[in-house]
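Asks: Starting off with a structure, shown below.
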Amino acid sequence: MQAKTPQQSLTIYTDMVLPSETNPIGNMFGGELLARMDRAASIAARRHSRRIVVTASVNHVAFNKMIPLGSVVTVEAKVSRAFSSSMEVYMDVFIEDRESGERSLSNEAIYTFVAVDETGNPVRVPEIVPETELEKARFEAALRRKQLSLVLAGKMKPKDATELKALFQ
């Protein structure tokens, strides 16, 4: 199985915020943004694995800025790390200024997907080879996030979480 770069999974999903997608004060519902991110992330995971993928977890979501009605929202998703059958997908969400067209980062998220066969059994996925400094940083942090998740779920003993322990030494 040939390794791939994060860029090969890049998915860009752009859409406008409509009235039916906003709360009473005119900002995008968080759930609407979560759904858009899930779609973009699933496409990125599928591009990486070339398999059916299922959402395993929403690891982190930061709603840093409100997204007002009429905003142009762009979700950029890339696989940041691949494990045996799972893939971490990191997303950056941008909004465009209506007048200048300048983009600003409004939200970030990290989802985990698992590649499966037609019967729902996990299958192996290609490794990731990060290229840029940001991709390398996200790649390395992904292992710490996975270890933390496994420790919290009781699936890994804290003493075995070597990458987490290294943060405190």
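By order of appearance in the structure tokens: chains A, B, ..., then residues from 1 within every chain, and ligands from 1 in the order shown.
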Using the chain letters and numbers from this document, which residues of chain A does DSSP assign to helix (DSSP H, G or I), as JSON, numbers by chain?
Replies: {"A": [6, 7, 8, 9, 19, 20, 21, 30, 31, 32, 33, 34, 35, 36, 37, 38, 39, 40, 41, 42, 43, 44, 45, 46, 47, 48, 49, 133, 134, 135, 136, 137, 138, 139, 140, 141, 142, 143, 144, 145, 146, 147, 148, 149, 150, 151, 152, 158, 159, 160, 162, 163, 164, 165, 166, 167]}
Asks: Show me, as a VMD selection string, the residues that have an atom within 8 Å of Gln2 (chain A) when counting only C-alpha atoms, minus same-chain residues fewer than 2 positions from it.
Replies: chain A and resid 4 126 to 127
Asks: Could you give me, as number ranges by chain, each residue of region 57-153 of chain A that DSSP assigns to strand (DSSP E) when run on this structure's backbone?
Replies: A: 57-63, 72-82, 86-96, 103-116
Asks: Let me make sure I understand: among A:Thr14, A:Ser57, A:Ser84, A:Ser42, which one has the smallest atom-to-atom distance to Ser71 (chain A) if we use only C-alpha atoms?
Replies: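 Residue with the minimum atom-to-atom distance to Ser71 (chain A): A:Thr14.
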Asks: Would you pick out the contacts of Ala3 (chain A) at 12 Å or less, using only C-alpha atoms, so that residues sharing its chain but fewer than 6 positions from it are not included, and give the list as a list of chain:residue names?
Replies: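 Once the nearby chain positions are removed, what remains is A:Ser9, A:His48, A:Ser49, A:Arg81, A:Ala82, A:Phe83, A:Arg124, A:Val125, A:Pro126, A:Glu127, A:Ile128, A:Val129, A:Pro130.
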Asks: Could you turn the residues from that selection into a file that holds N, CA and C atoms, as a PDB file, in the first residue's frame?
Replies:
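The new file selection_16.pdb reads:
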```pdb
ATOM      1  N   SER A   9      -5.577  14.295   0.008  1.00  0.00           N
ATOM      2  CA  SER A   9      -6.927  14.129   0.555  1.00  0.00           C
ATOM      3  C   SER A   9      -7.678  15.457   0.664  1.00  0.00           C
ATOM      4  N   HIS A  48      -8.340   9.572   0.843  1.00  0.00           N
ATOM      5  CA  HIS A  48      -7.101   8.963   1.337  1.00  0.00           C
ATOM      6  C   HIS A  48      -7.151   7.438   1.263  1.00  0.00           C
ATOM      7  N   SER A  49      -8.240   6.857   1.730  1.00  0.00           N
ATOM      8  CA  SER A  49      -8.321   5.397   1.852  1.00  0.00           C
ATOM      9  C   SER A  49      -8.854   4.698   0.609  1.00  0.00           C
ATOM     10  N   ARG A  81      -3.349  12.292   9.931  1.00  0.00           N
ATOM     11  CA  ARG A  81      -2.591  11.092  10.282  1.00  0.00           C
ATOM     12  C   ARG A  81      -3.452   9.869  10.009  1.00  0.00           C
ATOM     13  N   ALA A  82      -2.811   8.801   9.582  1.00  0.00           N
ATOM     14  CA  ALA A  82      -3.490   7.532   9.365  1.00  0.00           C
ATOM     15  C   ALA A  82      -2.896   6.503  10.312  1.00  0.00           C
ATOM     16  N   PHE A  83      -3.766   5.713  10.916  1.00  0.00           N
ATOM     17  CA  PHE A  83      -3.326   4.636  11.785  1.00  0.00           C
ATOM     18  C   PHE A  83      -3.631   3.331  11.046  1.00  0.00           C
ATOM     19  N   ARG A 124      -7.304  -1.841   6.388  1.00  0.00           N
ATOM     20  CA  ARG A 124      -6.090  -1.031   6.481  1.00  0.00           C
ATOM     21  C   ARG A 124      -6.158   0.168   5.526  1.00  0.00           C
ATOM     22  N   VAL A 125      -5.474   1.219   5.933  1.00  0.00           N
ATOM     23  CA  VAL A 125      -5.399   2.425   5.105  1.00  0.00           C
ATOM     24  C   VAL A 125      -3.934   2.786   4.884  1.00  0.00           C
ATOM     25  N   PRO A 126      -3.633   3.528   3.818  1.00  0.00           N
ATOM     26  CA  PRO A 126      -2.246   3.935   3.560  1.00  0.00           C
ATOM     27  C   PRO A 126      -1.728   4.880   4.648  1.00  0.00           C
ATOM     28  N   GLU A 127      -0.433   4.883   4.826  1.00  0.00           N
ATOM     29  CA  GLU A 127       0.198   5.819   5.754  1.00  0.00           C
ATOM     30  C   GLU A 127       0.154   7.220   5.162  1.00  0.00           C
ATOM     31  N   ILE A 128       0.392   8.197   6.024  1.00  0.00           N
ATOM     32  CA  ILE A 128       0.470   9.603   5.610  1.00  0.00           C
ATOM     33  C   ILE A 128       1.919  10.062   5.723  1.00  0.00           C
ATOM     34  N   VAL A 129       2.365  10.811   4.734  1.00  0.00           N
ATOM     35  CA  VAL A 129       3.686  11.424   4.770  1.00  0.00           C
ATOM     36  C   VAL A 129       3.479  12.943   4.719  1.00  0.00           C
ATOM     37  N   PRO A 130       3.570  13.599   5.880  1.00  0.00           N
ATOM     38  CA  PRO A 130       3.358  15.052   5.887  1.00  0.00           C
ATOM     39  C   PRO A 130       4.496  15.773   5.181  1.00  0.00           C
TER      40      PRO A 130
END
```
